[in-house]
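Novice: Just one file: work09.txt, with compact mmCIF, C-alpha atoms and all ligand atoms.
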```txt
# COMPACT_ATOMS: atom_id res chain seq x y z
CA MET A 112 -20.61 -77.94 80.74
CA SER A 113 -21.64 -80.72 83.12
CA ALA A 114 -24.16 -80.17 85.90
CA ASN A 115 -21.42 -81.10 88.36
CA GLN A 116 -19.12 -78.35 87.04
CA GLN A 117 -22.01 -75.86 87.21
CA LYS A 118 -22.57 -76.82 90.86
CA LEU A 119 -18.89 -76.30 91.63
CA ASN A 120 -18.89 -72.90 89.92
CA ALA A 121 -21.97 -71.84 91.90
CA ALA A 122 -20.28 -72.99 95.12
CA ARG A 123 -17.16 -70.96 94.31
CA ALA A 124 -19.28 -67.88 93.61
CA ALA A 125 -21.00 -68.24 96.99
CA MET A 126 -17.63 -67.73 98.69
CA GLU A 127 -17.74 -64.09 97.65
CA HIS A 128 -20.64 -63.62 100.09
CA ILE A 129 -18.68 -65.02 103.07
CA GLU A 130 -16.95 -62.53 105.33
CA TYR A 131 -13.94 -62.94 107.62
CA ASP A 132 -14.59 -64.61 111.00
CA TRP A 133 -18.17 -65.63 110.26
CA VAL A 134 -19.82 -68.86 111.40
CA VAL A 135 -21.34 -70.23 108.20
CA GLY A 136 -24.53 -72.31 107.90
CA VAL A 137 -23.92 -75.21 105.57
CA GLY A 138 -26.50 -77.32 103.72
CA THR A 139 -26.68 -80.88 102.46
CA GLY A 140 -26.29 -82.64 99.11
CA SER A 141 -23.85 -82.75 96.22
CA THR A 142 -23.87 -78.97 95.63
CA ALA A 143 -23.42 -78.25 99.34
CA ASN A 144 -20.59 -80.79 99.34
CA HIS A 145 -18.83 -78.70 96.69
CA PHE A 146 -19.35 -75.68 98.90
CA ILE A 147 -17.83 -77.49 101.90
CA ASP A 148 -14.79 -78.43 99.83
CA VAL A 149 -14.38 -74.83 98.60
CA LEU A 150 -14.91 -73.51 102.13
CA ALA A 151 -12.13 -75.79 103.37
CA GLU A 152 -9.66 -73.96 101.09
CA SER A 153 -10.32 -70.81 103.17
CA LYS A 154 -11.05 -72.45 106.51
CA ASP A 155 -8.72 -70.12 108.42
CA ARG A 156 -10.90 -67.17 107.32
CA ILE A 157 -14.04 -68.47 109.06
CA ASP A 158 -14.86 -69.11 112.70
CA GLY A 159 -16.70 -72.39 112.10
CA ALA A 160 -19.82 -73.91 110.57
CA VAL A 161 -23.28 -75.13 111.54
CA ALA A 162 -24.34 -78.19 109.52
CA SER A 163 -27.85 -79.08 108.38
CA SER A 164 -27.16 -82.83 108.53
CA GLU A 165 -24.93 -85.46 110.10
CA ALA A 166 -23.40 -86.11 106.66
CA SER A 167 -22.40 -82.48 106.20
CA ALA A 168 -21.10 -82.27 109.78
CA GLN A 169 -18.89 -85.26 109.06
CA ARG A 170 -17.55 -83.77 105.80
CA LEU A 171 -16.84 -80.45 107.51
CA GLY A 172 -15.04 -82.25 110.34
CA GLU A 173 -12.95 -84.27 107.89
CA HIS A 174 -11.77 -80.99 106.40
CA GLY A 175 -10.79 -79.71 109.86
CA ILE A 176 -13.56 -77.11 109.95
CA ARG A 177 -14.94 -76.49 113.44
CA VAL A 178 -18.56 -77.72 113.63
CA LEU A 179 -20.80 -75.86 116.05
CA GLY A 180 -24.39 -76.34 117.20
CA LEU A 181 -27.03 -73.71 116.52
CA ASP A 182 -27.63 -73.48 120.27
CA GLN A 183 -24.01 -72.37 120.73
CA THR A 184 -23.96 -69.82 117.93
CA GLY A 185 -27.32 -68.09 117.95
CA ASP A 186 -28.42 -66.62 114.61
CA LEU A 187 -26.04 -66.90 111.70
CA PRO A 188 -25.07 -64.29 109.10
CA VAL A 189 -25.39 -66.71 106.19
CA TYR A 190 -26.64 -70.14 105.11
CA VAL A 191 -25.51 -71.78 101.87
CA ASP A 192 -27.38 -74.77 100.45
CA GLY A 193 -28.60 -76.39 97.25
CA ALA A 194 -32.15 -77.10 96.08
CA ASP A 195 -34.12 -79.63 94.07
CA GLU A 196 -36.10 -76.90 92.29
CA ALA A 197 -36.01 -73.10 92.38
CA THR A 198 -38.04 -70.32 90.78
CA LYS A 199 -36.98 -66.81 89.87
CA HIS A 200 -39.03 -65.70 92.90
CA LEU A 201 -36.49 -67.67 95.00
CA HIS A 202 -39.08 -70.18 96.20
CA LEU A 203 -37.57 -73.65 96.54
CA ILE A 204 -38.31 -77.34 96.86
CA LYS A 205 -35.75 -79.03 99.09
CA GLY A 206 -35.40 -82.35 100.86
CA GLY A 207 -34.22 -84.69 98.11
CA GLY A 208 -31.46 -85.63 100.54
CA ALA A 209 -33.96 -85.98 103.44
CA ALA A 210 -32.35 -83.13 105.41
CA LEU A 211 -35.23 -80.66 104.97
CA THR A 212 -36.07 -80.14 108.64
CA ARG A 213 -32.59 -79.15 109.77
CA GLU A 214 -32.18 -77.19 106.52
CA LYS A 215 -35.31 -75.18 107.27
CA ILE A 216 -34.15 -74.56 110.83
CA VAL A 217 -30.72 -73.28 109.79
CA ALA A 218 -32.26 -71.19 107.00
CA ALA A 219 -34.74 -69.68 109.49
CA ALA A 220 -31.91 -68.77 111.84
CA SER A 221 -29.82 -67.13 109.11
CA GLU A 222 -29.89 -63.54 107.95
CA LYS A 223 -29.04 -64.43 104.37
CA PHE A 224 -29.89 -67.70 102.58
CA ILE A 225 -27.77 -68.28 99.49
CA CYS A 226 -29.07 -71.08 97.29
CA ILE A 227 -26.52 -72.62 94.91
CA ALA A 228 -27.56 -74.84 92.03
CA ASP A 229 -26.92 -75.98 88.49
CA SER A 230 -29.11 -74.48 85.78
CA SER A 231 -31.43 -77.52 85.55
CA LYS A 232 -32.90 -76.59 88.95
CA LEU A 233 -34.51 -73.36 87.71
CA VAL A 234 -38.18 -74.01 86.86
CA PRO A 235 -41.14 -71.77 85.99
CA VAL A 236 -43.43 -73.51 88.54
CA LEU A 237 -42.48 -75.80 91.43
CA GLY A 238 -43.76 -79.36 91.62
CA LYS A 239 -42.33 -81.52 88.87
CA PHE A 240 -39.87 -82.72 91.51
CA PRO A 241 -42.00 -84.60 94.09
CA LEU A 242 -42.34 -82.58 97.28
CA PRO A 243 -40.54 -84.24 100.22
CA ILE A 244 -42.44 -84.23 103.51
CA GLU A 245 -40.90 -85.44 106.77
CA VAL A 246 -43.47 -87.20 108.94
CA ILE A 247 -43.58 -88.70 112.42
CA PRO A 248 -43.61 -92.47 111.68
CA MET A 249 -46.94 -93.20 113.42
CA ALA A 250 -48.63 -90.43 111.40
CA ARG A 251 -47.45 -91.59 108.00
CA SER A 252 -50.72 -93.14 106.75
CA TYR A 253 -52.85 -90.39 108.26
CA VAL A 254 -50.77 -87.69 106.61
CA ALA A 255 -50.80 -89.59 103.31
CA ARG A 256 -54.63 -89.66 103.35
CA GLN A 257 -54.80 -85.91 104.04
CA ILE A 258 -52.33 -85.19 101.23
CA CYS A 259 -54.55 -87.13 98.81
CA LYS A 260 -57.35 -84.69 99.68
CA PHE A 261 -54.96 -81.89 98.62
CA GLY A 262 -54.68 -83.56 95.20
CA GLY A 263 -51.23 -85.05 95.82
CA ARG A 264 -49.99 -88.63 95.37
CA PRO A 265 -47.72 -89.48 98.32
CA VAL A 266 -45.05 -92.14 97.89
CA TYR A 267 -43.28 -93.57 100.92
CA ARG A 268 -39.48 -93.22 100.56
CA GLU A 269 -38.49 -96.82 101.32
CA GLY A 270 -35.55 -97.35 103.66
CA CYS A 271 -35.09 -93.68 104.47
CA ILE A 272 -34.86 -92.59 108.11
CA THR A 273 -34.01 -88.94 108.63
CA ASP A 274 -31.38 -87.63 111.05
CA ASN A 275 -34.34 -86.92 113.35
CA GLY A 276 -35.60 -90.54 113.27
CA ASN A 277 -38.58 -89.79 111.03
CA GLU A 278 -39.81 -90.91 107.59
CA ILE A 279 -40.27 -89.19 104.24
CA LEU A 280 -43.26 -89.03 101.89
CA ASP A 281 -42.49 -87.78 98.38
CA VAL A 282 -45.62 -86.11 97.05
CA HIS A 283 -46.28 -86.13 93.31
CA GLY A 284 -48.80 -84.08 91.39
CA LEU A 285 -49.44 -81.22 93.82
CA ASP A 286 -50.50 -77.89 92.36
CA ILE A 287 -47.81 -75.56 93.75
CA SER A 288 -48.75 -72.48 91.73
CA ASN A 289 -48.93 -70.61 95.06
CA PRO A 290 -45.96 -71.94 97.09
CA VAL A 291 -46.54 -69.71 100.14
CA GLU A 292 -50.15 -70.87 100.44
CA MET A 293 -49.30 -74.56 99.93
CA GLU A 294 -46.47 -74.43 102.47
CA THR A 295 -48.80 -72.78 104.98
CA ARG A 296 -51.59 -75.34 104.38
CA LEU A 297 -49.21 -78.26 104.81
CA ASN A 298 -47.85 -76.69 107.99
CA GLN A 299 -51.32 -77.09 109.53
CA LEU A 300 -51.39 -80.89 109.17
CA VAL A 301 -50.63 -82.72 112.39
CA GLY A 302 -47.97 -85.40 112.01
CA ILE A 303 -45.94 -83.44 109.46
CA VAL A 304 -42.62 -82.33 110.90
CA THR A 305 -41.59 -80.26 107.88
CA ASN A 306 -42.57 -79.88 104.25
CA GLY A 307 -39.91 -79.21 101.64
CA LEU A 308 -41.33 -75.91 100.39
CA PHE A 309 -39.09 -72.97 101.20
CA ALA A 310 -41.45 -70.14 100.30
CA ASN A 311 -42.37 -68.34 103.54
CA ARG A 312 -38.63 -68.13 104.07
CA PRO A 313 -37.30 -68.13 100.49
CA ALA A 314 -33.68 -67.82 99.46
CA ASN A 315 -32.26 -64.28 99.39
CA VAL A 316 -29.93 -65.07 96.52
CA LEU A 317 -29.99 -67.83 93.92
CA ILE A 318 -26.59 -68.53 92.36
CA LEU A 319 -26.98 -70.61 89.24
CA GLY A 320 -24.12 -72.29 87.44
CA GLU A 321 -24.76 -72.00 83.71
CA ASP A 322 -22.83 -72.88 80.56
CA GLN A 323 -21.88 -69.21 80.06
CA GLY A 324 -20.83 -68.64 83.67
CA VAL A 325 -22.57 -67.92 86.93
CA ARG A 326 -25.82 -65.96 87.27
CA GLU A 327 -27.11 -64.42 90.49
CA ILE A 328 -30.83 -63.83 90.95
CA THR A 329 -31.88 -61.67 93.90
C1 LIG B 1 -31.09 -82.13 100.70
C2 LIG B 1 -31.45 -81.01 99.79
C3 LIG B 1 -30.51 -80.69 98.69
O1 LIG B 1 -30.19 -79.34 98.75
C4 LIG B 1 -31.20 -80.99 97.38
O2 LIG B 1 -31.64 -82.34 97.37
C5 LIG B 1 -30.26 -80.75 96.20
O3 LIG B 1 -29.28 -81.73 96.16
P1 LIG B 1 -28.06 -81.67 95.15
O4 LIG B 1 -27.23 -80.50 95.52
O5 LIG B 1 -27.36 -82.99 95.36
O6 LIG B 1 -28.60 -81.54 93.75
O7 LIG B 1 -32.46 -80.36 99.93
O8 LIG B 1 -32.12 -82.41 101.61
```
As structure tokens, how would this structure be written, given the file I've shared?
Ligand code: 5RP
Specialist:
Amino acid sequence: MSANQQKLNAARAAMEHIEYDWVVGVGTGSTANHFIDVLAESKDRIDGAVASSEASAQRLGEHGIRVLGLDQTGDLPVYVDGADEATKHLHLIKGGGAALTREKIVAAASEKFICIADSSKLVPVLGKFPLPIEVIPMARSYVARQICKFGGRPVYREGCITDNGNEILDVHGLDISNPVEMETRLNQLVGIVTNGLFANRPANVLILGEDQGVREIT
């Protein structure tokens, strides 16, 4: 089965966690896009959605789903999003689509974070996928030098400006055997807006599309 079909199956399975009249937090990327399309089939059941990016807000709007701001809604019952890598401990790397900051905000404001992914995203240890870090533009070189001291190799993501007007460094070669500790260390560096480790606030459920069907890890 293709990765795309696995993503769609995971997105469909996530719908079983959505209750009537909820405002739903919605992520960014190709898997989240499947979720938006599936959500649109039941749009009369929900009260609206909070998007983690301009792209997702636009897709939701095109489907006629009411898009709300987090300031209007307060905390959300659920957030559904994809990931670049996930472990069985529900720690994630996110930010391949450069939406990590808003994703982390919506995840933080949600009671339940449901991560949906194809089976290739499940890894024993995070870090083969380069860790995205959103930086304030004037701090980019400073942050890159600090990251080198952490043992990472930062690569500037050319031509990428985030929805917040910032830039992205993709960091290769970091030892992320302790994701909570690495996320916390990176959080201390001035000039970093957000790092793409979701470990202090991991997913609550990982729904993986697999060849045999859908598997939920909690
Ligand atoms: C965007 C993300 C995405 O969730 C991540 O990149 C996975 O993308 P896809 O669903 O296309 O595989 O973090 O910033």
Novice: At most 9 Å from (-17.0, -78.2, 113.9), file frame, all atoms listed in the file: which residues, as a VMD selection string?
Specialist: chain A and resid 159 to 162 168 to 169 171 to 172 175 to 180
Novice: Between atom CA of A:Pro290 and atom CA of A:Ala310, measure the distance and give it in Å to one decimal.
Specialist: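 Distance between the two atoms: 5.8 Å.
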Novice: Choose the residue, out of A:Ala122, A:Leu280, A:Ala210, A:Val254, that has the smallest atom-to-atom separation from A:Leu242; count all atoms listed in the file.
Specialist: A:Leu280
Novice: Could you state the separation of atom CA of A:Ala250 and atom CA of A:Glu214 in Å, given to one decimal place?
Specialist: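 Pair atom CA of A:Ala250 / atom CA of A:Glu214 returns 21.7 Å.
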Novice: Counting only C-alpha atoms and all ligand atoms, name the residues that have an atom within 7 Å of an atom of ligand LIG 1 (chain B); the answer should be given as a PDB file with C-alpha atoms, in the coordinates of the input.
Specialist:
```pdb
ATOM      1  CA  GLY A 138     -26.500 -77.320 103.720  1.00  0.00           C
ATOM      2  CA  THR A 139     -26.680 -80.880 102.460  1.00  0.00           C
ATOM      3  CA  GLY A 140     -26.290 -82.640  99.110  1.00  0.00           C
ATOM      4  CA  SER A 141     -23.850 -82.750  96.220  1.00  0.00           C
ATOM      5  CA  THR A 142     -23.870 -78.970  95.630  1.00  0.00           C
ATOM      6  CA  ALA A 143     -23.420 -78.250  99.340  1.00  0.00           C
ATOM      7  CA  ASP A 192     -27.380 -74.770 100.450  1.00  0.00           C
ATOM      8  CA  GLY A 193     -28.600 -76.390  97.250  1.00  0.00           C
ATOM      9  CA  ALA A 194     -32.150 -77.100  96.080  1.00  0.00           C
ATOM     10  CA  ASP A 195     -34.120 -79.630  94.070  1.00  0.00           C
ATOM     11  CA  LYS A 205     -35.750 -79.030  99.090  1.00  0.00           C
ATOM     12  CA  GLY A 206     -35.400 -82.350 100.860  1.00  0.00           C
ATOM     13  CA  GLY A 207     -34.220 -84.690  98.110  1.00  0.00           C
ATOM     14  CA  GLY A 208     -31.460 -85.630 100.540  1.00  0.00           C
ATOM     15  CA  ALA A 209     -33.960 -85.980 103.440  1.00  0.00           C
ATOM     16  CA  ALA A 210     -32.350 -83.130 105.410  1.00  0.00           C
ATOM     17  CA  LEU A 211     -35.230 -80.660 104.970  1.00  0.00           C
ATOM     18  CA  ALA A 228     -27.560 -74.840  92.030  1.00  0.00           C
TER      19      ALA A 228
END
```
Novice: Which residues come within 8 Å of A:Tyr267, counting all atoms listed in the file, excluding same-chain residues fewer than 5 positions away, as a list of chain:residue names?
Specialist: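 Result of the neighbour search: A:Glu278, A:Ile279, A:Leu280, A:Asp281.
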Novice: Do you have the atom CA of A:Ala218-atom CA of A:Pro188 distance handy?
Specialist: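 Distance between the two atoms: 10.2 Å.
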Novice: So which one's closest to A:Glu165, A:Ile287, A:Leu150, A:Val137, A:Leu233? Using all atoms listed in the file, please.
Specialist: A:Val137
Novice: Using only C-alpha atoms, find the one residue out of A:Val234, A:Ala219, A:Leu203, A:Leu119 that sits nearest to A:Leu308.
Specialist: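 The shortest atom-to-atom distance to A:Leu308 comes from A:Leu203.
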Novice: Excluding A:Gly324 and any residue of its chain fewer than 3 positions from it, enumerate the residues within 12 Å of it, using all atoms listed in the file, and give them as an MDAnalysis selection string.
Specialist: chainID A and resid 112 116:121 123:124 229:230 318:321 327
Novice: Using all atoms listed in the file, collect all residues at a distance of at most 12 Å from (-50.0, -74.6, 89.2) as written in the file, then present them as a JSON list (two decimals) with C-alpha atoms, keeping the file's coordinate frame.
Specialist:
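Output file out36.json follows:
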```
[["chain", "number", "residue", "atom", "x", "y", "z"],
["A", 235, "PRO", "CA", -41.14, -71.77, 85.99],
["A", 236, "VAL", "CA", -43.43, -73.51, 88.54],
["A", 237, "LEU", "CA", -42.48, -75.80, 91.43],
["A", 238, "GLY", "CA", -43.76, -79.36, 91.62],
["A", 239, "LYS", "CA", -42.33, -81.52, 88.87],
["A", 262, "GLY", "CA", -54.68, -83.56, 95.20],
["A", 284, "GLY", "CA", -48.80, -84.08, 91.39],
["A", 285, "LEU", "CA", -49.44, -81.22, 93.82],
["A", 286, "ASP", "CA", -50.50, -77.89, 92.36],
["A", 287, "ILE", "CA", -47.81, -75.56, 93.75],
["A", 288, "SER", "CA", -48.75, -72.48, 91.73],
["A", 289, "ASN", "CA", -48.93, -70.61, 95.06],
["A", 290, "PRO", "CA", -45.96, -71.94, 97.09],
["A", 292, "GLU", "CA", -50.15, -70.87, 100.44],
["A", 293, "MET", "CA", -49.30, -74.56, 99.93]]
```
Novice: My list of candidates is A:Gln323, A:Leu181, A:Leu201, A:Arg264. Which is closest to A:Ile225 when distances are computed with only C-alpha atoms?
Specialist: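 Looking at the shortest contact to A:Ile225, the residue is A:Leu201.
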Novice: Hey, which of A:Gln299, A:Asn315, A:Asn115, A:Thr329 ends up closest to A:Glu222? Count only C-alpha atoms.
Specialist: A:Asn315
Novice: Nearest to A:Lys215: which of A:Ser163, A:Ser113, A:Asn298, A:Gln257 is it, counting all atoms listed in the file?
Specialist: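 Closest candidate: A:Ser163.
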Novice: List the neighbours of A:Val149 out to 9 Å using only C-alpha atoms; skip same-chain residues closer than 3 positions along the sequence, and give me the result as a list in words.
Specialist: Leu119, Ala122, Arg123, Met126, Asn144, His145, Phe146, Glu152, Ser153 and Lys154 of chain A
